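The next block is entry-v9.cif, given as mmCIF, C-alpha atoms.
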```
data_run
#
loop_
_atom_site.label_atom_id
_atom_site.label_comp_id
_atom_site.auth_asym_id
_atom_site.auth_seq_id
_atom_site.Cartn_x
_atom_site.Cartn_y
_atom_site.Cartn_z
CA MET Z 1 -6.05 -28.07 -3.32
CA ARG Z 2 -6.67 -24.37 -2.73
CA GLU Z 3 -4.36 -22.08 -4.64
CA HIS Z 4 -1.93 -19.80 -2.85
CA PRO Z 5 -2.28 -17.07 -1.76
CA HIS Z 6 -5.09 -17.01 0.79
CA PHE Z 7 -5.11 -13.20 0.96
CA LEU Z 8 -3.84 -10.17 -0.92
CA ILE Z 9 -2.98 -6.72 0.39
CA ALA Z 10 -4.14 -4.96 -2.75
CA GLY Z 11 -3.75 -1.25 -1.93
CA ALA Z 12 -3.88 1.63 -1.77
CA PRO Z 13 -0.31 2.86 -2.28
CA ARG Z 14 1.04 5.16 0.47
CA SER Z 15 -1.65 3.97 2.86
CA GLY Z 16 0.20 1.78 5.34
CA THR Z 17 0.57 -1.33 3.19
CA GLY Z 18 4.31 -1.54 3.88
CA TRP Z 19 3.64 -1.44 7.62
CA MET Z 20 1.03 -4.16 7.21
CA LEU Z 21 3.49 -6.35 5.32
CA SER Z 22 6.13 -5.92 8.03
CA CYS Z 23 3.61 -6.94 10.70
CA LEU Z 24 2.58 -10.01 8.73
CA MET Z 25 6.21 -11.00 8.24
CA GLU Z 26 6.51 -11.23 12.02
CA HIS Z 27 3.32 -13.24 12.56
CA PRO Z 28 4.14 -16.95 13.06
CA GLU Z 29 0.92 -18.06 11.35
CA VAL Z 30 1.62 -16.13 8.15
CA HIS Z 31 3.93 -16.52 5.18
CA VAL Z 32 4.40 -13.54 2.84
CA PRO Z 33 7.06 -12.63 0.28
CA HIS Z 34 9.38 -9.89 1.51
CA ARG Z 35 8.69 -7.59 -1.44
CA GLU Z 36 5.89 -6.59 -3.78
CA VAL Z 37 5.04 -9.19 -6.41
CA ASP Z 38 2.71 -7.31 -8.83
CA TYR Z 39 1.88 -10.53 -10.66
CA PHE Z 40 -1.76 -9.74 -11.42
CA SER Z 41 -0.97 -6.21 -12.61
CA TYR Z 42 2.45 -5.54 -14.12
CA LYS Z 43 3.97 -9.03 -14.30
CA TYR Z 44 1.19 -11.21 -15.66
CA ASP Z 45 3.50 -12.27 -18.47
CA HIS Z 46 5.53 -14.25 -15.93
CA THR Z 47 4.83 -17.96 -15.54
CA THR Z 48 2.48 -19.37 -12.93
CA ALA Z 49 5.45 -21.34 -11.61
CA TRP Z 50 7.24 -18.04 -11.00
CA TYR Z 51 4.29 -16.81 -8.95
CA ARG Z 52 3.86 -20.03 -6.98
CA ASP Z 53 7.55 -19.99 -6.14
CA HIS Z 54 6.95 -16.94 -3.93
CA PHE Z 55 5.08 -19.24 -1.53
CA SER Z 56 7.36 -22.27 -1.74
CA ASP Z 57 8.76 -21.71 1.76
CA CYS Z 58 5.34 -21.75 3.40
CA GLU Z 59 5.13 -24.04 6.41
CA PRO Z 60 2.14 -26.36 6.95
CA GLY Z 61 -0.85 -24.52 8.35
CA GLN Z 62 0.39 -21.02 7.56
CA ARG Z 63 -1.81 -18.48 5.79
CA THR Z 64 -0.14 -17.17 2.66
CA GLY Z 65 -0.47 -13.78 1.08
CA GLU Z 66 1.34 -11.00 -0.70
CA LYS Z 67 1.32 -7.21 -0.90
CA SER Z 68 0.94 -5.45 -4.24
CA PRO Z 69 -0.68 -1.98 -4.01
CA SER Z 70 -0.75 -1.84 -7.80
CA TYR Z 71 -3.74 -4.22 -7.79
CA LEU Z 72 -6.21 -1.60 -6.54
CA ALA Z 73 -6.34 0.57 -9.64
CA SER Z 74 -5.55 -2.18 -12.17
CA SER Z 75 -8.48 -2.81 -14.50
CA GLU Z 76 -7.23 -6.33 -15.25
CA ALA Z 77 -6.30 -7.51 -11.74
CA PRO Z 78 -9.79 -8.32 -10.36
CA ASP Z 79 -10.59 -10.78 -13.15
CA ARG Z 80 -7.11 -12.31 -13.08
CA ILE Z 81 -7.20 -12.76 -9.30
CA HIS Z 82 -10.66 -14.33 -9.48
CA ASP Z 83 -9.48 -16.80 -12.11
CA TRP Z 84 -6.56 -17.74 -9.88
CA ASN Z 85 -8.45 -18.07 -6.58
CA SER Z 86 -12.06 -16.97 -6.24
CA ASP Z 87 -11.92 -17.55 -2.45
CA VAL Z 88 -9.06 -15.14 -1.74
CA ASP Z 89 -9.49 -12.44 0.92
CA LEU Z 90 -8.76 -8.93 -0.36
CA ILE Z 91 -7.33 -6.32 1.99
CA PHE Z 92 -7.52 -2.62 1.09
CA SER Z 93 -6.09 0.12 3.30
CA LEU Z 94 -7.42 3.50 2.18
CA ARG Z 95 -6.05 6.93 3.01
CA HIS Z 96 -7.59 10.39 2.58
CA PRO Z 97 -7.30 10.57 -1.22
CA VAL Z 98 -5.85 14.08 -1.36
CA GLU Z 99 -3.23 13.31 1.29
CA ARG Z 100 -2.39 10.04 -0.45
CA ALA Z 101 -1.94 11.83 -3.79
CA TYR Z 102 0.33 14.43 -2.20
CA SER Z 103 2.33 11.75 -0.37
CA THR Z 104 2.76 9.84 -3.63
CA TRP Z 105 3.96 12.96 -5.42
CA CYS Z 106 6.50 13.60 -2.64
CA MET Z 107 7.74 10.02 -2.86
CA MET Z 108 8.11 10.17 -6.63
CA MET Z 109 10.00 13.47 -6.42
CA GLN Z 110 12.70 11.59 -4.50
CA ASN Z 111 13.32 9.52 -7.62
CA SER Z 112 15.75 11.32 -9.88
CA ARG Z 113 14.41 9.30 -12.83
CA SER Z 114 10.80 10.27 -12.25
CA ASP Z 115 9.22 12.07 -15.20
CA LEU Z 116 7.19 14.25 -12.81
CA GLY Z 117 7.93 17.94 -12.73
CA ASP Z 118 8.29 20.22 -9.73
CA ASP Z 119 5.06 22.05 -10.57
CA ILE Z 120 2.65 20.38 -8.18
CA GLU Z 121 -0.36 22.27 -9.57
CA ARG Z 122 0.33 20.86 -13.02
CA GLU Z 123 1.07 17.33 -11.85
CA LEU Z 124 -1.83 16.76 -9.42
CA THR Z 125 -4.73 17.14 -11.82
CA PRO Z 126 -7.80 14.87 -12.10
CA SER Z 127 -6.38 13.37 -15.29
CA SER Z 128 -3.08 12.27 -13.71
CA GLY Z 129 -2.48 8.67 -12.75
CA ILE Z 130 -1.58 9.68 -9.20
CA VAL Z 131 -4.99 11.28 -8.71
CA LYS Z 132 -6.95 8.58 -10.54
CA ARG Z 133 -5.66 5.96 -8.11
CA GLY Z 134 -7.56 7.74 -5.35
CA ARG Z 135 -11.00 7.02 -6.85
CA TYR Z 136 -11.34 4.21 -4.35
CA PHE Z 137 -15.01 3.35 -4.77
CA GLU Z 138 -14.63 3.09 -8.55
CA HIS Z 139 -11.76 0.65 -8.09
CA LEU Z 140 -13.57 -1.37 -5.43
CA GLN Z 141 -16.58 -1.73 -7.72
CA ARG Z 142 -14.48 -3.76 -10.13
CA TYR Z 143 -13.64 -6.14 -7.31
CA ARG Z 144 -17.24 -6.29 -6.13
CA ALA Z 145 -18.20 -7.48 -9.61
CA HIS Z 146 -16.06 -10.58 -9.01
CA PHE Z 147 -16.02 -11.15 -5.24
CA PRO Z 148 -18.66 -11.08 -2.49
CA ASP Z 149 -18.41 -8.23 0.00
CA GLU Z 150 -17.44 -10.60 2.81
CA GLN Z 151 -14.12 -11.23 1.02
CA ILE Z 152 -13.40 -7.50 0.62
CA HIS Z 153 -11.90 -5.99 3.77
CA VAL Z 154 -11.47 -2.22 3.86
CA LEU Z 155 -9.26 -0.63 6.52
CA ILE Z 156 -8.78 3.11 6.92
CA PHE Z 157 -5.30 4.57 7.33
CA ASP Z 158 -6.60 7.04 9.92
CA GLY Z 159 -7.20 4.05 12.19
CA LEU Z 160 -3.57 3.02 11.90
CA LYS Z 161 -2.41 6.44 13.06
CA ALA Z 162 -4.95 6.50 15.89
CA ASP Z 163 -4.54 2.96 17.25
CA ALA Z 164 -1.93 0.76 15.59
CA LEU Z 165 -2.66 -2.22 17.83
CA GLN Z 166 -6.35 -2.26 16.93
CA PHE Z 167 -5.49 -1.77 13.27
CA ALA Z 168 -3.18 -4.79 13.39
CA ARG Z 169 -5.85 -6.81 15.19
CA THR Z 170 -8.38 -5.98 12.46
CA LEU Z 171 -5.87 -7.01 9.80
CA PHE Z 172 -5.13 -10.33 11.51
CA GLU Z 173 -8.84 -11.08 11.96
CA ALA Z 174 -9.48 -10.38 8.27
CA ILE Z 175 -6.97 -13.01 7.18
CA GLY Z 176 -7.91 -15.55 9.83
CA VAL Z 177 -4.89 -15.65 12.15
CA ASP Z 178 -4.41 -15.00 15.87
CA PRO Z 179 -5.48 -11.36 16.38
CA ASN Z 180 -3.74 -11.12 19.76
CA PHE Z 181 -0.25 -11.25 18.27
CA LYS Z 182 1.57 -7.95 18.90
CA PRO Z 183 4.01 -6.91 16.15
CA SER Z 184 7.08 -4.87 16.97
CA LEU Z 185 6.11 -1.84 14.86
CA LEU Z 186 3.28 -0.53 17.01
CA ASP Z 187 5.16 2.63 18.00
CA ARG Z 188 6.38 3.50 14.52
CA LYS Z 189 5.62 7.08 13.47
CA TYR Z 190 3.81 8.04 10.31
CA GLY Z 191 3.57 11.06 8.06
CA ASN Z 192 5.05 12.56 4.94
CA ARG Z 193 8.82 12.80 4.76
CA LYS Z 194 9.66 16.49 5.04
CA LYS Z 195 12.69 16.51 2.77
CA ARG Z 196 13.75 15.13 -0.54
CA GLY Z 197 17.36 14.19 -0.67
CA GLY Z 198 18.34 14.98 -4.23
CA ARG Z 199 20.15 12.79 -6.73
CA VAL Z 200 22.52 11.08 -4.28
CA TRP Z 201 19.67 10.11 -1.93
CA SER Z 202 17.64 8.90 -4.92
CA GLN Z 203 20.49 6.66 -6.06
CA ILE Z 204 20.81 5.20 -2.55
CA GLN Z 205 17.08 4.47 -2.48
CA GLU Z 206 17.14 2.98 -5.98
CA TRP Z 207 20.09 0.76 -5.08
CA SER Z 208 18.48 -0.47 -1.85
CA LEU Z 209 15.18 -1.15 -3.63
CA HIS Z 210 16.95 -3.11 -6.38
CA LEU Z 211 18.90 -5.09 -3.79
CA THR Z 212 15.81 -6.05 -1.80
CA ARG Z 213 14.01 -7.11 -4.96
CA MET Z 214 16.90 -9.35 -5.89
CA SER Z 215 17.58 -10.88 -2.48
CA ASP Z 216 15.32 -12.20 0.28
CA THR Z 217 18.24 -11.86 2.70
CA ALA Z 218 18.58 -8.15 1.88
CA ALA Z 219 14.80 -7.72 2.21
CA ARG Z 220 14.87 -9.33 5.66
CA LEU Z 221 17.78 -7.09 6.66
CA MET Z 222 15.90 -3.97 5.57
CA ASP Z 223 12.81 -5.11 7.46
CA TRP Z 224 14.89 -5.63 10.60
CA ALA Z 225 16.34 -2.13 10.19
CA ARG Z 226 12.82 -0.69 9.91
CA ARG Z 227 11.72 -2.52 13.07
CA GLN Z 228 14.68 -1.09 14.95
CA GLY Z 229 13.82 2.42 13.78
CA TYR Z 230 17.09 2.87 11.87
CA THR Z 231 15.43 3.85 8.58
CA ASP Z 232 13.39 6.55 10.30
CA TRP Z 233 16.61 7.86 11.87
CA VAL Z 234 18.27 8.01 8.43
CA HIS Z 235 15.31 9.92 7.01
CA ARG Z 236 15.47 12.44 9.84
CA MET Z 237 19.21 13.01 9.40
CA ARG Z 238 19.40 13.30 5.61
CA LEU Z 239 19.98 16.62 3.92
CA GLY Z 240 17.84 17.88 1.10
CA LYS Z 241 15.26 20.35 -0.06
CA GLU Z 242 11.94 20.82 1.65
CA TYR Z 243 8.94 19.56 -0.26
CA PRO Z 244 6.58 22.35 -1.32
CA SER Z 245 3.33 22.43 0.62
CA LEU Z 246 0.16 21.39 -1.14
CA PRO Z 247 -1.37 24.66 -2.38
CA ASP Z 248 -4.84 25.46 -1.08
CA ALA Z 249 -6.15 25.77 -4.64
CA VAL Z 250 -4.95 22.26 -5.51
CA ARG Z 251 -6.35 20.82 -2.31
CA GLU Z 252 -9.74 22.42 -2.97
CA ARG Z 253 -9.79 21.20 -6.56
CA LEU Z 254 -8.95 17.63 -5.55
CA ASN Z 255 -11.45 17.64 -2.68
CA LYS Z 256 -14.18 18.52 -5.17
CA HIS Z 257 -12.94 15.89 -7.60
CA TYR Z 258 -13.09 13.14 -4.98
CA GLN Z 259 -16.30 14.17 -3.24
CA ASP Z 260 -18.75 12.01 -5.21
CA ASP Z 261 -16.50 8.95 -5.00
CA VAL Z 262 -15.97 9.36 -1.25
CA ASP Z 263 -19.70 9.83 -0.65
CA ARG Z 264 -20.36 6.52 -2.39
CA LEU Z 265 -17.54 4.93 -0.41
CA ARG Z 266 -19.14 6.12 2.84
CA SER Z 267 -22.44 4.60 1.80
CA TYR Z 268 -20.79 1.30 0.90
CA LEU Z 269 -18.80 1.10 4.13
CA GLY Z 270 -21.67 2.34 6.28
CA ARG Z 271 -19.35 4.59 8.23
CA ASP Z 272 -18.24 8.19 8.41
CA LEU Z 273 -14.83 9.26 7.19
CA PRO Z 274 -14.07 12.42 9.21
CA GLY Z 275 -12.13 15.06 7.36
CA TRP Z 276 -12.42 13.36 3.99
CA PRO Z 277 -13.90 15.16 0.97
CA GLY Z 278 -17.63 15.81 1.17
CA ASN Z 279 -17.75 15.55 4.94
CA THR Z 280 -18.74 18.66 6.86
CA SER Z 281 -18.12 17.12 10.30
CA ALA Z 282 -15.58 18.84 12.51
#
```

Give the structure from this file in structure tokens form.
Amino acid sequence: MREHPHFLIAGAPRSGTGWMLSCLMEHPEVHVPHREVDYFSYKYDHTTAWYRDHFSDCEPGQRTGEKSPSYLASSEAPDRIHDWNSDVDLIFSLRHPVERAYSTWCMMMQNSRSDLGDDIERELTPSSGIVKRGRYFEHLQRYRAHFPDEQIHVLIFDGLKADALQFARTLFEAIGVDPNFKPSLLDRKYGNRKKRGGRVWSQIQEWSLHLTRMSDTAARLMDWARRQGYTDWVHRMRLGKEYPSLPDAVRERLNKHYQDDVDRLRSYLGRDLPGWPGNTSA
């Protein structure tokens, strides 16, 4: 019997993976846990029974999968995943690496317990973990050492912003379910949150995240709220400080850092990535 899951949404963080999970939760041919599992990265000390239990509610004929963006940059995950199920389909959504790094920094600054400082020039350096996670081709090479290219599906976040319906269709085709299903999130807006809400907002976020991790019912409720647009409304209404813009010097430094990796990614994908490092196209 083939092991669950049939597919993994393995990254990158801050690149539309949450949107993808919400769409898959609506698809009648798919069963996914309502929260990140991180078994093959951070939680490999848990039992296999613990992992299998995430798919225990799967109905006959459904495709099973899970979303854990931590798998992309994990050096151990590719080998562990291959040992578990060598036939699994791997889904990677990739975002402009500099924009993804900045978005991650903004997200982490919301967390009052984050050990990051306010000095963005000091935090977004090539040696930081946030920046290292954007070396996409390096990370994909570890997966290519274990899986054939036909099991590695790379989507680009720019496509989600440009045409959400086509992006969803590509996702559904990759995992082998009806691509004509239309999820409810097609009109959801994207982009960096413009404000950080301070300690009170951070505590609210931490509480809601803890609650959804502990309860499938709470996770379903939060997903329903996202589909209705209520969470976007809360983000727009909250008070807080503006995030600092990404300084031109930092952007230039990171563009140079990523250029060689992005050039190799272009060659591997056989497609252009307009506006990404190393690309001189308008």

Kindly list the centre and edge lengths in Å, rounded to one decimal, for the axis-aligned box that covers all listed atoms of segment 148-151 of chain Z plus 5 Å on each of its six sides, as lines of an AutoDock Vina configuration file.
```
center_x = -16.4
center_y = -9.7
center_z = 0.2
size_x = 14.5
size_y = 13.0
size_z = 15.3
```

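Closest approach to Ala164 of chain Z among Z:His6, Z:Lys182, Z:His96, Z:Lys132 is made by Z:Lys182 (distances from all atoms listed in the file).
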
- request: Would you mind reading off the distance between atom CA of Leu165 of chain Z and atom CA of Pro183 of chain Z, one decimal, in Å?
  value: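 It comes out at 8.3 Å.
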
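Residues having any atom no farther than 10 Å from (4.5, -25.4, 8.4) (counting all atoms listed in the file) are Pro28, Glu29, Val30, His31, Asp57, Cys58, Glu59, Pro60, Gly61, Gln62 and Arg63 of chain Z.
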
Write a file of the selected residues as a short mmCIF file (atom, residue, chain, number, x, y, z; two decimals), in the coordinates of the input, keeping C-alpha atoms.
```cif
data_model
loop_
_atom_site.label_atom_id
_atom_site.label_comp_id
_atom_site.auth_asym_id
_atom_site.auth_seq_id
_atom_site.Cartn_x
_atom_site.Cartn_y
_atom_site.Cartn_z
CA PRO Z 28 4.14 -16.95 13.06
CA GLU Z 29 0.92 -18.06 11.35
CA VAL Z 30 1.62 -16.13 8.15
CA HIS Z 31 3.93 -16.52 5.18
CA ASP Z 57 8.76 -21.71 1.76
CA CYS Z 58 5.34 -21.75 3.40
CA GLU Z 59 5.13 -24.04 6.41
CA PRO Z 60 2.14 -26.36 6.95
CA GLY Z 61 -0.85 -24.52 8.35
CA GLN Z 62 0.39 -21.02 7.56
CA ARG Z 63 -1.81 -18.48 5.79
#
```

Contacts of segment 19-21 of chain Z within 9 Å, only C-alpha atoms, excl. fewer than 6 positions in-chain, as a ChimeraX atom specification: /Z:9,32-35,66-67,168,171,185,188

File dump, residues just selected, C-alpha atoms, as an mmCIF file, in the frame of the given file:
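This went into selection.cif:
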```
data_model
loop_
_atom_site.group_PDB
_atom_site.id
_atom_site.type_symbol
_atom_site.label_atom_id
_atom_site.label_comp_id
_atom_site.auth_asym_id
_atom_site.auth_seq_id
_atom_site.Cartn_x
_atom_site.Cartn_y
_atom_site.Cartn_z
ATOM 1 C CA ILE Z 9 -2.980 -6.720 0.390
ATOM 2 C CA VAL Z 32 4.400 -13.540 2.840
ATOM 3 C CA PRO Z 33 7.060 -12.630 0.280
ATOM 4 C CA HIS Z 34 9.380 -9.890 1.510
ATOM 5 C CA ARG Z 35 8.690 -7.590 -1.440
ATOM 6 C CA GLU Z 66 1.340 -11.000 -0.700
ATOM 7 C CA LYS Z 67 1.320 -7.210 -0.900
ATOM 8 C CA ALA Z 168 -3.180 -4.790 13.390
ATOM 9 C CA LEU Z 171 -5.870 -7.010 9.800
ATOM 10 C CA LEU Z 185 6.110 -1.840 14.860
ATOM 11 C CA ARG Z 188 6.380 3.500 14.520
#
```

query: Which one is closest to Asp178 of chain Z: Z:Arg135, Z:His27, Z:Lys256, Z:His4? Count only C-alpha atoms.
result: Z:His27

field: Between atom CA of Thr125 of chain Z and atom CA of Asp248 of chain Z - distance in Å to one decimal
entry: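 Interatomic distance here is 13.6 Å.
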
task: Expand the PyMOL selection byres ((chain Z and resi 246) around 12) into the individual residues it matches in the shown file, reporting them as a count of residues only.
output: 27

task: For atom CA of Gln259 of chain Z and atom CA of Leu90 of chain Z, determine how far apart the two atoms are, in Å to one decimal place.
output: 24.5 Å

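Evaluated against the shown file, the PyMOL selection byres ((chain Z and resi 68) around 7) gives Ile9, Ala10, Gly11, Glu36, Val37, Asp38, Glu66, Lys67, Pro69, Ser70 and Tyr71 of chain Z.
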
Expansion of the PyMOL selection byres ((chain Z and resi 273) around 9) into residues, as a PyMOL selection string: chain Z and resi 96+156+158+262+266+271-272+274-277+279

task: Find the residue from Z:Thr17, Z:Pro5, Z:His146, Z:Ile175 that sits nearest to Asp83 of chain Z; use only C-alpha atoms when measuring.
output: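 Comparing Z:Thr17, Z:Pro5, Z:His146, Z:Ile175 against Asp83 of chain Z, the winner is Z:His146.
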
message: Please list as a ChimeraX atom specification every residue within 10 Å of Thr170 of chain Z, counting all atoms listed in the file and excluding residues in the same chain fewer than 6 positions away.
response: /Z:153-155,164,176,179

Residues from last step as file, C-alpha atoms, as an mmCIF file, in the frame of the given file:
```cif
data_model
loop_
_atom_site.group_PDB
_atom_site.id
_atom_site.type_symbol
_atom_site.label_atom_id
_atom_site.label_comp_id
_atom_site.auth_asym_id
_atom_site.auth_seq_id
_atom_site.Cartn_x
_atom_site.Cartn_y
_atom_site.Cartn_z
ATOM 1 C CA HIS Z 153 -11.900 -5.990 3.770
ATOM 2 C CA VAL Z 154 -11.470 -2.220 3.860
ATOM 3 C CA LEU Z 155 -9.260 -0.630 6.520
ATOM 4 C CA ALA Z 164 -1.930 0.760 15.590
ATOM 5 C CA GLY Z 176 -7.910 -15.550 9.830
ATOM 6 C CA PRO Z 179 -5.480 -11.360 16.380
#
```
